[in-house]
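**Student:** The structure file upload28.tsv (TSV, C-alpha atoms) is provided below.
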chain	number	residue	atom	x	y	z
G	676	MET	CA	0.23	17.69	28.44
G	677	PHE	CA	3.76	18.60	27.45
G	678	PRO	CA	6.23	21.19	28.75
G	679	GLY	CA	6.39	24.59	27.18
G	680	THR	CA	9.36	25.64	25.11
G	681	PHE	CA	10.04	28.98	26.78
G	682	GLY	CA	13.76	29.40	27.31
G	683	LEU	CA	14.75	26.38	25.21
G	684	THR	CA	17.17	26.63	22.31
G	685	GLN	CA	16.10	25.07	19.03
G	686	GLY	CA	18.42	22.12	19.58
G	687	GLN	CA	16.97	21.50	23.03
G	688	GLU	CA	13.43	21.74	21.66
G	689	ASP	CA	14.17	19.30	18.83
G	690	THR	CA	15.63	16.81	21.29
G	691	LEU	CA	12.75	17.20	23.74
G	692	TYR	CA	10.11	16.64	21.08
G	693	SER	CA	11.51	13.56	19.35
G	694	LEU	CA	11.64	9.80	19.61
G	695	ASP	CA	14.97	8.15	20.42
G	696	PHE	CA	15.66	4.77	18.78
G	697	ASN	CA	18.33	2.38	20.01
G	698	GLY	CA	19.34	1.05	16.60
G	699	THR	CA	18.81	-2.54	17.71
G	700	ASP	CA	15.14	-3.40	17.97
G	701	GLU	CA	13.06	-0.21	18.02
G	702	ASP	CA	10.98	1.44	15.32
G	703	GLN	CA	7.67	3.25	14.93
G	704	PHE	CA	4.87	2.27	12.56
G	705	SER	CA	2.06	4.61	11.53
G	706	ASN	CA	-0.33	1.66	11.43
G	707	THR	CA	-0.22	-1.98	12.44
G	708	GLY	CA	-1.01	-3.28	8.96
G	709	ALA	CA	-0.75	-2.04	5.41
G	710	GLY	CA	-3.48	0.40	4.41
G	711	ALA	CA	-4.23	3.09	1.86
G	712	ILE	CA	-2.13	6.18	2.54
G	713	GLY	CA	-3.44	8.40	-0.25
G	714	ILE	CA	-0.41	8.99	-2.47
G	715	THR	CA	0.05	7.93	-6.07
G	716	ASN	CA	2.77	9.21	-8.40
G	717	SER	CA	3.21	12.67	-6.88
G	718	TRP	CA	4.17	13.22	-3.24
G	719	SER	CA	6.48	14.88	-0.70
G	720	ILE	CA	8.15	13.70	2.51
G	721	SER	CA	9.58	15.88	5.28
G	722	VAL	CA	11.54	14.28	8.12
G	723	TRP	CA	13.84	15.51	10.89
G	724	PHE	CA	16.61	13.04	11.70
G	725	GLN	CA	19.59	12.91	14.06
G	726	PRO	CA	21.77	9.79	13.70
G	727	ASP	CA	23.67	8.41	16.67
G	728	ALA	CA	26.53	7.38	14.38
G	729	THR	CA	27.38	7.37	10.68
G	730	ASP	CA	30.50	5.19	10.29
G	731	LEU	CA	28.61	1.94	10.62
G	732	THR	CA	29.07	-1.41	8.90
G	733	ARG	CA	25.48	-1.62	7.68
G	734	PHE	CA	22.77	0.45	6.10
G	735	ASN	CA	20.20	2.19	8.31
G	736	ARG	CA	16.66	2.88	7.18
G	737	ALA	CA	15.62	6.25	8.61
G	738	PHE	CA	12.20	6.39	6.93
G	739	ALA	CA	10.24	4.08	4.68
G	740	ILE	CA	6.91	3.64	2.96
G	741	GLY	CA	6.11	0.18	1.72
G	742	PRO	CA	4.37	-3.15	2.13
G	743	GLY	CA	7.56	-5.14	2.55
G	744	SER	CA	7.24	-6.61	-0.95
G	745	THR	CA	8.85	-3.46	-2.49
G	746	ALA	CA	5.86	-2.61	-4.71
G	747	ASN	CA	5.59	1.22	-4.64
G	748	ASP	CA	8.18	1.39	-1.84
G	749	ILE	CA	10.00	4.60	-0.90
G	750	HIS	CA	13.17	4.31	1.21
G	751	LEU	CA	15.40	6.91	2.86
G	752	ASP	CA	18.58	5.16	4.00
G	753	LEU	CA	21.78	6.17	5.73
G	754	ARG	CA	24.32	3.86	4.08
G	755	GLY	CA	26.86	3.50	6.85
G	756	ASP	CA	28.27	0.50	5.01
G	757	MET	CA	29.49	2.66	2.11
G	758	ALA	CA	32.18	5.31	1.66
G	759	ASN	CA	31.08	8.83	2.65
G	760	ASP	CA	28.03	7.45	4.54
G	761	PRO	CA	25.59	8.65	1.87
G	762	LEU	CA	21.87	9.21	1.95
G	763	HIS	CA	20.20	6.84	-0.50
G	764	VAL	CA	16.68	7.58	-1.76
G	765	ASN	CA	15.10	4.60	-3.48
G	766	LEU	CA	11.84	4.47	-5.44
G	767	TYR	CA	10.21	1.23	-6.56
G	768	ASP	CA	7.51	1.09	-9.19
G	769	SER	CA	4.12	-0.60	-8.92
G	770	GLY	CA	5.66	-3.90	-10.01
G	771	GLY	CA	8.27	-3.85	-7.23
G	772	THR	CA	11.27	-2.96	-9.42
G	773	LEU	CA	13.85	-0.44	-8.19
G	774	GLN	CA	13.73	2.43	-10.70
G	775	LYS	CA	15.33	5.32	-8.81
G	776	ASN	CA	18.41	5.13	-6.60
G	777	TYR	CA	19.95	8.56	-5.95
G	778	THR	CA	22.74	9.28	-3.48
G	779	TRP	CA	23.97	12.27	-1.46
G	780	ASP	CA	27.43	11.89	0.08
G	781	SER	CA	28.62	13.09	3.49
G	782	ILE	CA	25.45	14.87	4.60
G	783	PHE	CA	25.15	13.22	8.02
G	784	SER	CA	26.98	14.03	11.24
G	785	ALA	CA	26.57	11.96	14.39
G	786	GLY	CA	24.48	13.83	16.97
G	787	THR	CA	23.45	16.59	14.52
G	788	TRP	CA	19.90	17.25	13.35
G	789	ILE	CA	19.23	17.35	9.62
G	790	HIS	CA	16.01	18.21	7.83
G	791	ILE	CA	15.35	16.14	4.70
G	792	VAL	CA	12.56	16.88	2.22
G	793	VAL	CA	12.05	14.55	-0.74
G	794	THR	CA	9.63	15.41	-3.55
G	795	TRP	CA	8.50	13.35	-6.53
G	796	ASN	CA	6.25	14.60	-9.33
G	797	GLY	CA	6.29	11.48	-11.49
G	798	THR	CA	9.38	12.65	-13.36
G	799	SER	CA	11.81	14.50	-11.09
G	800	LEU	CA	13.15	13.30	-7.74
G	801	LEU	CA	14.35	16.29	-5.69
G	802	VAL	CA	15.90	16.51	-2.23
G	803	TYR	CA	16.18	19.56	0.03
G	804	LEU	CA	18.73	19.40	2.86
G	805	ASP	CA	18.22	21.91	5.68
G	806	GLY	CA	16.06	23.98	3.37
G	807	THR	CA	18.39	23.97	0.35
G	808	LEU	CA	17.68	22.15	-2.91
G	809	THR	CA	20.73	19.91	-3.22
G	810	ALA	CA	21.96	18.08	-6.30
G	811	GLU	CA	22.57	14.39	-5.91
G	812	THR	CA	26.11	12.97	-5.85
G	813	SER	CA	25.21	10.08	-8.14
G	814	LYS	CA	22.34	8.21	-9.77
G	815	PRO	CA	23.22	4.50	-9.74
G	816	THR	CA	19.71	3.74	-11.01
G	817	ASP	CA	17.71	6.32	-12.94
G	818	ASN	CA	14.80	4.88	-14.92
G	819	SER	CA	11.27	6.15	-15.38
G	820	CYS	CA	9.05	5.23	-12.45
G	821	THR	CA	5.29	5.04	-11.98
G	822	GLN	CA	3.84	4.45	-8.53
G	823	THR	CA	0.25	3.67	-7.58
G	824	ASN	CA	-1.85	3.98	-4.44
G	825	THR	CA	-1.51	0.47	-3.05
G	826	ASP	CA	-1.77	-0.39	0.66
G	827	ARG	CA	1.44	0.49	2.48
G	828	ILE	CA	2.90	1.19	5.92
G	829	VAL	CA	4.79	4.33	6.94
G	830	THR	CA	7.70	3.63	9.28
G	831	MET	CA	10.32	5.62	11.15
G	832	MET	CA	13.73	4.04	11.70
G	833	SER	CA	12.37	0.95	9.94
G	834	GLY	CA	13.50	-2.27	11.57
G	835	GLY	CA	14.25	-5.88	10.98
G	836	GLY	CA	17.43	-7.52	9.82
G	837	ALA	CA	20.26	-5.10	9.20
G	838	SER	CA	18.12	-2.02	8.74
G	839	TRP	CA	17.55	-0.86	12.33
G	840	CYS	CA	18.49	2.81	12.64
G	841	GLY	CA	19.80	4.41	15.81
G	842	GLY	CA	19.17	8.05	16.62
G	843	LYS	CA	16.36	10.53	17.01
G	844	CYS	CA	13.46	11.22	14.70
G	845	GLY	CA	11.45	14.40	15.04
G	846	HIS	CA	8.18	15.16	13.31
G	847	TYR	CA	7.55	13.93	9.80
G	848	GLY	CA	4.97	14.75	7.17
G	849	LEU	CA	3.74	13.04	4.01
G	850	TRP	CA	1.80	14.93	1.34
G	851	SER	CA	0.00	13.84	-1.82
G	852	VAL	CA	1.40	16.87	-3.67
G	853	VAL	CA	4.83	18.36	-4.35
G	854	LEU	CA	6.09	20.93	-1.85
G	855	ASP	CA	7.75	24.02	-3.31
G	856	GLN	CA	10.66	26.05	-2.00
G	857	ASN	CA	8.37	28.34	0.03
G	858	ASP	CA	6.87	25.34	1.80
G	859	VAL	CA	10.29	23.84	2.51
G	860	ASP	CA	11.61	27.18	3.79
G	861	ALA	CA	8.63	27.55	6.14
G	862	ILE	CA	9.00	24.05	7.58
G	863	PHE	CA	12.76	24.34	8.04
G	864	ALA	CA	12.65	27.83	9.55
G	865	ALA	CA	9.91	27.03	12.08
G	866	LYS	CA	11.28	23.56	12.92
G	867	HIS	CA	9.16	21.99	15.67
G	868	GLY	CA	7.20	25.22	16.00
G	869	ILE	CA	5.17	24.59	12.85
G	870	TRP	CA	1.93	22.61	12.82
G	871	LEU	CA	1.76	21.02	9.39
G	872	THR	CA	-2.03	20.81	9.66
G	873	LYS	CA	-2.30	24.61	9.68
G	874	ALA	CA	-1.55	27.11	6.94
G	875	THR	CA	0.93	29.94	7.41
G	876	SER	CA	1.79	32.90	5.24
G	877	THR	CA	4.31	30.75	3.33
G	878	TYR	CA	3.04	27.19	3.81
G	879	ASP	CA	-0.28	26.22	2.20
G	880	LYS	CA	-0.21	22.45	1.60
G	881	GLN	CA	-2.03	21.44	4.79
G	882	ALA	CA	-5.07	20.12	2.90
G	883	SER	CA	-2.85	17.61	1.08
G	884	LEU	CA	-1.17	16.26	4.23
G	885	VAL	CA	-1.98	12.53	4.40
G	886	ARG	CA	0.32	11.40	7.26
G	887	TYR	CA	1.76	13.46	10.10
G	888	TYR	CA	3.64	12.63	13.27
G	889	ARG	CA	4.88	15.02	15.92
G	890	SER	CA	5.81	14.35	19.54
G	891	GLY	CA	4.29	17.07	21.68
Could I get this structure in the form of structure tokens?

**Tutor:**
Amino acid sequence: MFPGTFGLTQGQEDTLYSLDFNGTDEDQFSNTGAGAIGITNSWSISVWFQPDATDLTRFNRAFAIGPGSTANDIHLDLRGDMANDPLHVNLYDSGGTLQKNYTWDSIFSAGTWIHIVVTWNGTSLLVYLDGTLTAETSKPTDNSCTQTNTDRIVTMMSGGGASWCGGKCGHYGLWSVVLDQNDVDAIFAAKHGIWLTKATSTYDKQASLVRYYRSG
């Protein structure tokens, strides 16, 4: 049982229904070992994230999909070790080679929630920030990329070595299809109030949801 949200502001609700990671030795895995997650070369990720700090001396992995060997990996990183503390989105192909590395500068603020949606259709890598399709700052690596449905693990705030990430992570979703602007708008507007397993008047991708986490 969890407390009702009557009388709570959205910020209070997001904080109540989230996991808080210390940035030192805490993370959350969707499964204890690598397994099939049901995505190939077309997918979408939605994640709510609130970093404790941004001006760090290391990178911080907020969300990842991968076996650890980098084959078909997907990484969402806060690069606190770089100027402007950018978001890096990295895609590795089925052979484990980094083929996409896109960056978005200065999007994070310590203690502030941000909603990140990443979509990939086999050709175009798109990112929506707080509901808005946002052009990347740079593309350090931009090659064609083909991913396959190998066994992988979904992780929040990653972990190990220098990649521990401190802050809060709200609900996340992973789909085997590409979300459109209507879907992104619906998820961002409803925030924790939406159940991604249920259709709404503007969100209809529930049947393609392959991983979902929400606290409460």

**Student:** Would you pick out the contacts of Thr877 (chain G) at 7 Å or less, using only C-alpha atoms, so that residues sharing its chain but fewer than 2 positions from it are not included, and give the list as a PyMOL selection string?

**Tutor:** chain G and resi 857-858+861+875+879

**Student:** CA of Arg827 (chain G) and CA of Lys814 (chain G) are how many Å apart?

**Tutor:** 25.4 Å

**Student:** Taking into account only C-alpha atoms, which residue in the set G:Tyr888, G:Tyr767, G:Phe724, G:Tyr878 is nearest to His790 (chain G)?

**Tutor:** G:Phe724

**Student:** What's the separation between CA of Gly713 (chain G) and CA of Val792 (chain G), in Å to one decimal place?

**Tutor:** 18.3 Å

**Student:** Env of Ser799 (chain G): 10 Å cut, atoms = all atoms listed in the file, seq-sep filter 3 positions within chain, self excluded. Answer as a list in words.

**Tutor:**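 Residues near the query, excluding close chain neighbours: Ser717, Thr794, Trp795, Asn796, Val802, Ser819 and Cys820 of chain G.
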
**Student:** Just the selected residues (C-alpha atoms), exported as a PDB file, in the frame of the given file, please.

**Tutor:**
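Okay, this is what ended up in out30.pdb:
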ATOM      1  CA  SER G 717       3.210  12.670  -6.880  1.00  0.00           C
ATOM      2  CA  THR G 794       9.630  15.410  -3.550  1.00  0.00           C
ATOM      3  CA  TRP G 795       8.500  13.350  -6.530  1.00  0.00           C
ATOM      4  CA  ASN G 796       6.250  14.600  -9.330  1.00  0.00           C
ATOM      5  CA  VAL G 802      15.900  16.510  -2.230  1.00  0.00           C
ATOM      6  CA  SER G 819      11.270   6.150 -15.380  1.00  0.00           C
ATOM      7  CA  CYS G 820       9.050   5.230 -12.450  1.00  0.00           C
TER       8      CYS G 820
END

**Student:** Anything within 7 Å of (1.2, -0.2, 1.8): list those residues as a list of chain:residue names, counting only C-alpha atoms and sticking to the file's coordinates.

**Tutor:** G:Ala709, G:Gly710, G:Ala711, G:Ile740, G:Gly741, G:Pro742, G:Thr825, G:Asp826, G:Arg827, G:Ile828

**Student:** Between CA of Ala739 (chain G) and CA of Asn818 (chain G), what is the distance in Å, rounded to a tenth?

**Tutor:**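 Calculated distance between CA of Ala739 (chain G) and CA of Asn818 (chain G) is 20.1 Å.
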
**Student:** Tell me which protein, DNA and RNA residues are within 9 Å of region 771-784 of chain G, counting only C-alpha atoms, leaving out same-chain ones fewer than 4 positions away, and put them as JSON, numbers by chain.

**Tutor:** {"G": [725, 726, 727, 728, 729, 744, 745, 746, 747, 748, 753, 758, 759, 760, 761, 762, 763, 764, 765, 766, 767, 788, 789, 800, 804, 809, 810, 811, 812, 813, 814, 815, 816, 817, 818, 819, 820, 821]}

**Student:** Rank nothing, just name the residue among G:Trp723, G:Cys844, G:Trp718, G:Val793 nearest to Ser883 (chain G), using all atoms listed in the file.

**Tutor:**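 The shortest atom-to-atom distance to Ser883 (chain G) comes from G:Trp718.
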